Amino acid sequence: MRKITSKELRKEWIEFYEKRGHVDVGAVSLVSDGSTGAMFNVAGMQPIMPYLLGKKHPKGTRLCNVQGCVRTNDIDGVGDKSHLTFFEMMGSWSLGDYFKEDRCKWSFELLTDVFEFDRDHLAATVFEGDENAPRDEEGAKYRIASGFKPENVFFLPKEDNWWGLEYGPCGPDSEMFYVSDQEPCGPNCRPGCHCGKYTEIGNDVFMQYDKQKDGSLKPLSQKNVDTGWGLERNLMFLNGIDDVYQTDLFTGVIANIEKASGAKYGADEKLTRSMRIVADHLRTSVMLIGDEAKLLPANGGPGYVLRRLIRRAIRHARVLGMKVEDILSSAAIYIDDVFADSYPLLTQNREFILKELKKEIERFESTLENGMKEFKKILSEQKASGKIDGKSAFYLYDTFGFPYELTVEMAEEEGLSVDKEGFDAAMEAQKKLARENANFSQKSAETSVFDSLGDDQTSQFTGYDSLTGEGTIIALAGGEGLADVLSEGTEGTIVTDVTPFYATMGGQKGDVGLIKTAEGEFEVTDTVKLPKGRIGHVGKVTKGSIKMADKAQLSVCKATREATCMNHSATHLLQAALQQVLGSDVHQQGSYQDPDRTRFDFSYGEAVKSEDLAKIEAIVNEKIAEDLTVETKVMSIEEAKSTGAMALFGEKYGDSVRVVSMGDFSKELCGGTHVENTGKIRSFKILSESGVAAGVRRIEAVTGSNVTTYYAKMEEELAKACALLKTSPDQLAGRIESLQQQVKSLTGENESLKSAAAKEALGDVSQQVKEVSGVKLLATAVKGVDGNGLRDLGDQLKEKIGSGVIVLAGENDGKVSLMVMATDDVVAKGAHAGNLIKAIAPKVGGGGGGRPNMAQAGGKNPAGIPDCLKEAENVLASLIGA
């Protein structure tokens, strides 16, 4: 066998197939487009699936690539020698081109000529046949003809050598193995045995059948071949290594972790496991953040998986004693060295990756210490039961950002399980209010009330070109389900075969308007997208009655549609302006447009500066003034992407898409409705910019007449402010500044007076100082002093006694403020302000905590102050004596 590096292995794979007429199609995003139901691309063939199912690939019938994949279903297995969450699949495909003969020949050539395997140490498996499909004699024949020894070709059953989905293309596969020199484990030792005699190298899938829904097989008109070899597995194997973390994909990072932690890889089983977890999870995190999709940590979807990986890596980095800079320097090795040539997008996004990684690390670090303390407390309280209850697990998730799986992992290390049902119930309870507030139109879109309709009963949308139309009513639904008639005053949903009403989707709010029949009128207050290609008009019968099969005249409210179009088109201009000002890293994360406003969520790691917001707003208004033509073209998804049109990641697109262009400034895939030219938007005003999630910002804005309304309201508020301050608009800022200075001065005077009064109320404190276990304690009460006053007073008293613990209880307007301070020397003896205040606060009906040298708490029972101060003595004695 030939020793080889990871870079050489990728290069050799591609060059081998390019010499045989294949086109390198490159890797696609790690984040799935949603077409397969998976969050990530989990197999090399996944992006090629539409073409294996018969769709024509624009680059031909012979393809190859090296595709990154992410699988996290067995994340808990990471930490051993082989499990990974990110891996690379080397693939090649024939789409109705060559079949078994060429495939078998080239696989053997690759094994022997390129990777220098000895023929005597190679084996292959083929399908042995069953009641539905014959034995793959052809596959065996070509394996032997290509060079495999006949005695090393094995027939195995369907569970080992068959590929297929529930129905559709399927067929036998043939796996290749390396045969070691060790003795067989027994008479039945063969490929697939786990004794170590046989090691899988790669797999060829021959798709030659079409599985029908009744389970029968028919010959496939387009016979395909899918070949897949795992890069990491083969790299490890070719170099004679049994630990993937000792390949050149990881050795640089492992060395960096060793340097930062002082631990030696392989010397300690627990620390080595943590090293592997940090190395793997960091690698996957770097690939996901630096991916085409620029995934960011979140509390749901793929972003949650990323957050879970990063936070699990942080926990194990802490076990190793690594600091934030150590974690980031390890991540940088993947960008600058390991993947620099293979994934240039990582180098391009280097600063973005490290910045977002650092933010998530610091975000979790800020709560991790307190969270770990809380976990230990929960652990001690619930250890006897053998299980952490779901409510506590959710508390760790909701308050300290501990992913459920992290709590499970830590609990298992202590021999406990976690109540998953209880956790899910707590999560569901948090979401319940939002669901309960769902309006009628949302509920109608989610129910199965229309499922009994035939598949041919669908709605044709004509609203791109007209706001009116004629259709036939094909379904009616009221409060009790499907109906034949809706009478006056009844709320319900109407489905017609043709409609100009746009249904809520893609962020654009559905149309409102009127449906008229010969016998009634129906006011449409919302339009919703229903399953199976139907459009539901939600509203109320305002006159007469509406019956099934009635002919209907449908009219969309022109003013509402036009206002919504203005906001939607302005959103396209806004996204292009954001990328122009803030950079190409900005991507849409969500949007919403109705007649009143537009809301746009986008990926950006910090608050947008006011000067940048001004630039963005000016650019949008400039493009509105240019009166750019808004043009829509329908084309294939591949053609659309080749034009540079922006698409929303995670969105599932059909074969044909609508591409909306606004001059040369903006081009996006969009199924919504728009103005004819940007001049019709008239004006654009940003109302606010805020954060809605980690790494996600939100801009809200208005257009057209809503801008005029906004400025009129601002003028009204300005006039009110000027009247109250008895000044004019041009003098308003100066007047406010003057008042602020006066407030600041008076506040300072007030605080000084309060501090003097508090000191006077205390009198001579020297007589109140006690000695507890060799530590000075001053515990006293003062009236009319709030929390801020107590802090100032505490600083003064601490300076006066020099060394010791200060406990102050302030009563103010029937409420209690507690403050504890401890000097550094007594903290070293065991005193802890946070623990002390936590113990005494219940005496005044409150709670609190804090640092070892300073802590605060509040309460609502002033009568308990004497007991509280007395208890401070006992608690301090226990802390010093502990």
# chains A, B, ... in the order shown; residues from 1 in each chain; ligands from 1

call {"tool": "residues_around", "arguments": {"residues": "Arg791 (chain A)", "least_positions_apart": "4", "cutoff": "12 Å", "atoms": "only C-alpha atoms", "output": "number ranges by chain"}}
result
A: 751, 755, 758, 785-787, 795-798, 806-810, 817-821, 854-857

call {"tool": "residues_around", "arguments": {"residues": "Asp280 (chain A)", "least_positions_apart": "4", "cutoff": "7 Å", "atoms": "only C-alpha atoms", "output": "list in words"}}
result
Leu84, Thr85, Arg276 and Thr284 of chain A

call {"tool": "select_by_dssp", "arguments": {"residues": "region 455-685 of chain A", "states": "alpha helix (DSSP H)", "output": "PyMOL selection string"}}
result
chain A and resi 558-582+610-625+637-642

call {"tool": "residues_around", "arguments": {"residues": "Leu217 (chain A)", "least_positions_apart": "2", "cutoff": "12 Å", "atoms": "only C-alpha atoms", "output": "number ranges by chain"}}
result
A: 130-134, 164, 166-171, 207-215, 219-220

call {"tool": "write_last_selection", "arguments": {"atoms": "N, CA and C atoms", "output": "tab-separated table (two decimals), in the first residue's frame"}}
result
chain	number	residue	atom	x	y	z
A	130	ASP	N	-32.44	-12.79	-4.13
A	130	ASP	CA	-33.55	-13.18	-3.26
A	130	ASP	C	-34.78	-13.43	-4.13
A	131	GLU	N	-35.96	-13.49	-3.51
A	131	GLU	CA	-37.17	-13.80	-4.27
A	131	GLU	C	-37.56	-12.70	-5.25
A	132	ASN	N	-37.04	-11.46	-5.06
A	132	ASN	CA	-37.41	-10.34	-5.94
A	132	ASN	C	-36.39	-10.04	-7.02
A	133	ALA	N	-35.12	-10.27	-6.70
A	133	ALA	CA	-34.06	-9.91	-7.66
A	133	ALA	C	-33.06	-11.05	-7.77
A	134	PRO	N	-32.57	-11.31	-8.98
A	134	PRO	CA	-31.66	-12.45	-9.18
A	134	PRO	C	-30.27	-12.20	-8.60
A	164	GLY	N	-31.48	0.89	-1.74
A	164	GLY	CA	-32.75	1.35	-2.28
A	164	GLY	C	-33.53	2.13	-1.24
A	166	GLU	N	-37.69	3.56	-0.20
A	166	GLU	CA	-38.97	2.88	-0.03
A	166	GLU	C	-39.51	2.40	-1.37
A	167	TYR	N	-39.39	3.24	-2.38
A	167	TYR	CA	-39.66	2.84	-3.76
A	167	TYR	C	-38.90	3.78	-4.68
A	168	GLY	N	-38.76	3.39	-5.95
A	168	GLY	CA	-37.95	4.14	-6.89
A	168	GLY	C	-36.69	3.40	-7.24
A	169	PRO	N	-35.64	4.09	-7.77
A	169	PRO	CA	-34.40	3.44	-8.20
A	169	PRO	C	-33.75	2.65	-7.07
A	170	CYS	N	-33.24	1.45	-7.39
A	170	CYS	CA	-32.59	0.60	-6.40
A	170	CYS	C	-31.73	-0.42	-7.15
A	171	GLY	N	-31.00	-1.21	-6.42
A	171	GLY	CA	-30.20	-2.23	-7.08
A	171	GLY	C	-29.13	-2.80	-6.19
A	207	MET	N	-27.60	0.91	-9.72
A	207	MET	CA	-29.04	1.18	-9.73
A	207	MET	C	-29.63	0.71	-11.06
A	208	GLN	N	-30.22	-0.48	-11.05
A	208	GLN	CA	-30.72	-1.05	-12.29
A	208	GLN	C	-32.20	-1.42	-12.25
A	209	TYR	N	-32.84	-1.20	-11.08
A	209	TYR	CA	-34.27	-1.53	-10.95
A	209	TYR	C	-35.07	-0.31	-10.48
A	210	ASP	N	-36.36	-0.36	-10.77
A	210	ASP	CA	-37.31	0.64	-10.30
A	210	ASP	C	-38.32	-0.09	-9.41
A	211	LYS	N	-38.23	0.16	-8.11
A	211	LYS	CA	-39.12	-0.53	-7.17
A	211	LYS	C	-40.50	0.12	-7.17
A	212	GLN	N	-41.53	-0.69	-7.43
A	212	GLN	CA	-42.90	-0.21	-7.46
A	212	GLN	C	-43.48	-0.14	-6.05
A	213	LYS	N	-44.62	0.55	-5.92
A	213	LYS	CA	-45.23	0.69	-4.60
A	213	LYS	C	-45.73	-0.65	-4.06
A	214	ASP	N	-45.96	-1.63	-4.95
A	214	ASP	CA	-46.38	-2.95	-4.48
A	214	ASP	C	-45.19	-3.85	-4.12
A	215	GLY	N	-43.97	-3.30	-4.23
A	215	GLY	CA	-42.77	-4.05	-3.87
A	215	GLY	C	-42.10	-4.76	-5.02
A	219	PRO	N	-37.12	-3.25	-14.59
A	219	PRO	CA	-35.82	-2.74	-15.06
A	219	PRO	C	-35.88	-1.22	-15.21
A	220	LEU	N	-34.81	-0.56	-14.82
A	220	LEU	CA	-34.73	0.90	-14.89
A	220	LEU	C	-34.24	1.32	-16.27

call {"tool": "residues_around", "arguments": {"residues": "region 660-663 of chain A", "least_positions_apart": "5", "cutoff": "6 Å", "atoms": "only C-alpha atoms", "output": "VMD selection string"}}
result
chain A and resid 628 to 632 668

call {"tool": "select_by_dssp", "arguments": {"residues": "region 593-794 of chain A", "states": "strand (DSSP E or B)", "output": "PyMOL selection string"}}
result
chain A and resi 593+598-603+629-636+646+656-662+666-669+677+684-693+696-703+769-772+775-783

call {"tool": "residues_around", "arguments": {"residues": "region 191-195 of chain A", "least_positions_apart": "4", "cutoff": "12 Å", "atoms": "only C-alpha atoms", "output": "PyMOL selection string"}}
result
chain A and resi 122-126+152-157+159-161+174-180+182-187+199-201

call {"tool": "residues_around", "arguments": {"residues": "Ile681 (chain A)", "least_positions_apart": "4", "cutoff": "7 Å", "atoms": "only C-alpha atoms", "output": "list in words"}}
result
Met566, Ile624, Thr703 and Gly704 of chain A

call {"tool": "write_last_selection", "arguments": {"atoms": "N, CA and C atoms", "output": "PDB file, in the first residue's frame"}}
result
ATOM      1  N   MET A 566     -44.974  47.321  -2.392  1.00  0.00           N
ATOM      2  CA  MET A 566     -43.968  48.357  -2.141  1.00  0.00           C
ATOM      3  C   MET A 566     -42.999  47.902  -1.047  1.00  0.00           C
ATOM      4  N   ILE A 624     -34.687  53.861  -5.381  1.00  0.00           N
ATOM      5  CA  ILE A 624     -36.100  54.174  -5.620  1.00  0.00           C
ATOM      6  C   ILE A 624     -36.201  55.354  -6.591  1.00  0.00           C
ATOM      7  N   THR A 703     -42.592  52.301   3.936  1.00  0.00           N
ATOM      8  CA  THR A 703     -42.446  52.878   2.605  1.00  0.00           C
ATOM      9  C   THR A 703     -43.665  53.740   2.265  1.00  0.00           C
ATOM     10  N   GLY A 704     -43.540  54.481   1.157  1.00  0.00           N
ATOM     11  CA  GLY A 704     -44.675  55.225   0.604  1.00  0.00           C
ATOM     12  C   GLY A 704     -45.359  56.156   1.587  1.00  0.00           C
TER      13      GLY A 704
END

call {"tool": "atom_distance", "arguments": {"atom1": "CA of Leu345 (chain A)", "atom2": "CA of Asp291 (chain A)"}}
result
7.1 Å

call {"tool": "residues_around", "arguments": {"residues": "Gly804 (chain A)", "least_positions_apart": "6", "cutoff": "10 Å", "atoms": "only C-alpha atoms", "output": "NGL selection string"}}
result
:A and (769-772 or 774-778 or 798 or 821-827 or 831)

call {"tool": "write_last_selection", "arguments": {"atoms": "all heavy atoms", "output": "CSV table (one decimal), in the first residue's frame"}}
result
chain,number,residue,atom,x,y,z
A,769,VAL,N,-18.8,46.3,66.2
A,769,VAL,CA,-18.0,45.3,65.6
A,769,VAL,C,-17.8,44.1,66.5
A,769,VAL,O,-17.4,44.3,67.7
A,769,VAL,CB,-16.6,45.9,65.2
A,769,VAL,CG1,-15.7,44.8,64.6
A,769,VAL,CG2,-16.8,47.0,64.1
A,770,LYS,N,-18.0,42.9,66.0
A,770,LYS,CA,-17.8,41.7,66.8
A,770,LYS,C,-16.7,40.9,66.1
A,770,LYS,O,-16.4,41.1,65.0
A,770,LYS,CB,-19.1,40.9,66.8
A,770,LYS,CG,-20.3,41.5,67.6
A,770,LYS,CD,-21.5,40.6,67.6
A,770,LYS,CE,-22.6,41.3,68.3
A,770,LYS,NZ,-23.8,40.4,68.4
A,771,GLU,N,-16.2,40.0,66.9
A,771,GLU,CA,-15.2,39.0,66.3
A,771,GLU,C,-15.8,37.6,66.3
A,771,GLU,O,-16.3,37.1,67.3
A,771,GLU,CB,-13.9,39.1,67.2
A,771,GLU,CG,-12.8,38.3,66.5
A,771,GLU,CD,-11.4,38.6,67.1
A,771,GLU,OE1,-11.0,39.8,67.1
A,771,GLU,OE2,-10.8,37.7,67.5
A,772,VAL,N,-15.8,37.1,65.1
A,772,VAL,CA,-16.4,35.7,64.9
A,772,VAL,C,-15.3,34.8,64.3
A,772,VAL,O,-14.8,35.0,63.2
A,772,VAL,CB,-17.6,35.8,63.9
A,772,VAL,CG1,-18.1,34.4,63.7
A,772,VAL,CG2,-18.7,36.7,64.5
A,774,GLY,N,-12.2,34.7,64.9
A,774,GLY,CA,-11.0,35.5,64.5
A,774,GLY,C,-11.2,36.4,63.4
A,774,GLY,O,-10.2,37.0,62.9
A,775,VAL,N,-12.5,36.7,62.9
A,775,VAL,CA,-12.7,37.6,61.9
A,775,VAL,C,-13.7,38.7,62.3
A,775,VAL,O,-14.7,38.4,63.0
A,775,VAL,CB,-13.4,36.9,60.7
A,775,VAL,CG1,-13.9,37.8,59.6
A,775,VAL,CG2,-12.4,35.9,60.0
A,776,LYS,N,-13.4,39.9,62.0
A,776,LYS,CA,-14.3,41.0,62.4
A,776,LYS,C,-15.6,41.0,61.6
A,776,LYS,O,-15.5,40.8,60.4
A,776,LYS,CB,-13.6,42.4,62.2
A,776,LYS,CG,-12.4,42.7,63.1
A,776,LYS,CD,-11.8,44.0,62.7
A,776,LYS,CE,-10.5,44.3,63.5
A,776,LYS,NZ,-9.9,45.6,63.1
A,777,LEU,N,-16.7,41.2,62.4
A,777,LEU,CA,-18.0,41.3,61.7
A,777,LEU,C,-18.7,42.5,62.2
A,777,LEU,O,-18.9,42.7,63.4
A,777,LEU,CB,-18.8,40.0,62.1
A,777,LEU,CG,-20.3,40.1,61.6
A,777,LEU,CD1,-20.4,40.1,60.1
A,777,LEU,CD2,-21.1,38.9,62.2
A,778,LEU,N,-19.1,43.3,61.2
A,778,LEU,CA,-20.0,44.5,61.5
A,778,LEU,C,-21.3,44.2,60.8
A,778,LEU,O,-21.4,44.3,59.6
A,778,LEU,CB,-19.4,45.8,60.9
A,778,LEU,CG,-20.2,47.0,61.0
A,778,LEU,CD1,-20.7,47.3,62.4
A,778,LEU,CD2,-19.5,48.3,60.5
A,798,LYS,N,-15.9,49.4,55.2
A,798,LYS,CA,-14.8,48.4,55.0
A,798,LYS,C,-13.4,49.0,55.2
A,798,LYS,O,-12.5,48.4,55.7
A,798,LYS,CB,-15.0,47.8,53.6
A,798,LYS,CG,-14.0,46.6,53.3
A,798,LYS,CD,-14.4,45.9,52.0
A,798,LYS,CE,-14.0,46.7,50.8
A,798,LYS,NZ,-14.1,45.9,49.6
A,821,MET,N,-20.1,42.6,52.3
A,821,MET,CA,-18.8,42.8,51.7
A,821,MET,C,-17.8,42.1,52.6
A,821,MET,O,-17.9,42.0,53.8
A,821,MET,CB,-18.4,44.3,51.7
A,821,MET,CG,-19.1,45.1,50.6
A,821,MET,SD,-18.4,46.8,50.5
A,821,MET,CE,-19.3,47.4,49.1
A,822,ALA,N,-16.7,41.5,51.9
A,822,ALA,CA,-15.7,40.8,52.7
A,822,ALA,C,-14.3,41.2,52.1
A,822,ALA,O,-14.2,41.3,50.9
A,822,ALA,CB,-15.9,39.3,52.5
A,823,THR,N,-13.4,41.5,52.9
A,823,THR,CA,-12.0,41.9,52.5
A,823,THR,C,-11.3,40.6,52.0
A,823,THR,O,-11.7,39.5,52.4
A,823,THR,CB,-11.2,42.6,53.6
A,823,THR,OG1,-11.2,41.7,54.7
A,823,THR,CG2,-11.9,43.9,54.0
A,824,ASP,N,-10.3,40.8,51.1
A,824,ASP,CA,-9.7,39.7,50.5
A,824,ASP,C,-9.0,38.7,51.5
A,824,ASP,O,-9.0,37.5,51.3
A,824,ASP,CB,-8.6,40.2,49.5
A,824,ASP,CG,-9.2,40.9,48.3
A,824,ASP,OD1,-10.4,40.7,48.1
A,824,ASP,OD2,-8.5,41.7,47.6
A,825,ASP,N,-8.5,39.3,52.6
A,825,ASP,CA,-7.8,38.4,53.5
A,825,ASP,C,-8.8,37.4,54.2
A,825,ASP,O,-8.4,36.3,54.5
A,825,ASP,CB,-7.0,39.2,54.5
A,825,ASP,CG,-7.9,40.1,55.4
A,825,ASP,OD1,-8.8,40.8,54.8
A,825,ASP,OD2,-7.7,40.2,56.6
A,826,VAL,N,-10.0,37.9,54.5
A,826,VAL,CA,-11.0,37.0,55.2
A,826,VAL,C,-11.6,36.0,54.2
A,826,VAL,O,-12.1,35.0,54.5
A,826,VAL,CB,-12.0,37.8,56.0
A,826,VAL,CG1,-11.4,38.6,57.0
A,826,VAL,CG2,-12.9,38.6,55.1
A,827,VAL,N,-11.7,36.5,52.9
A,827,VAL,CA,-12.1,35.5,51.9
A,827,VAL,C,-11.2,34.3,51.8
A,827,VAL,O,-11.6,33.2,51.6
A,827,VAL,CB,-12.2,36.2,50.5
A,827,VAL,CG1,-12.4,35.2,49.4
A,827,VAL,CG2,-13.4,37.2,50.5
A,831,ALA,N,-14.4,33.1,54.3
A,831,ALA,CA,-15.6,33.9,54.1
A,831,ALA,C,-16.0,34.0,52.7
A,831,ALA,O,-15.2,34.1,51.8
A,831,ALA,CB,-15.3,35.3,54.7

call {"tool": "atom_distance", "arguments": {"atom1": "CA of Phe87 (chain A)", "atom2": "CA of Tyr604 (chain A)"}}
result
28.0 Å

call {"tool": "closest_residue", "arguments": {"among": "A:Leu613, A:Gly129, A:Phe40, A:Ser738", "to": "Lys158 (chain A)", "atoms": "only C-alpha atoms"}}
result
A:Gly129
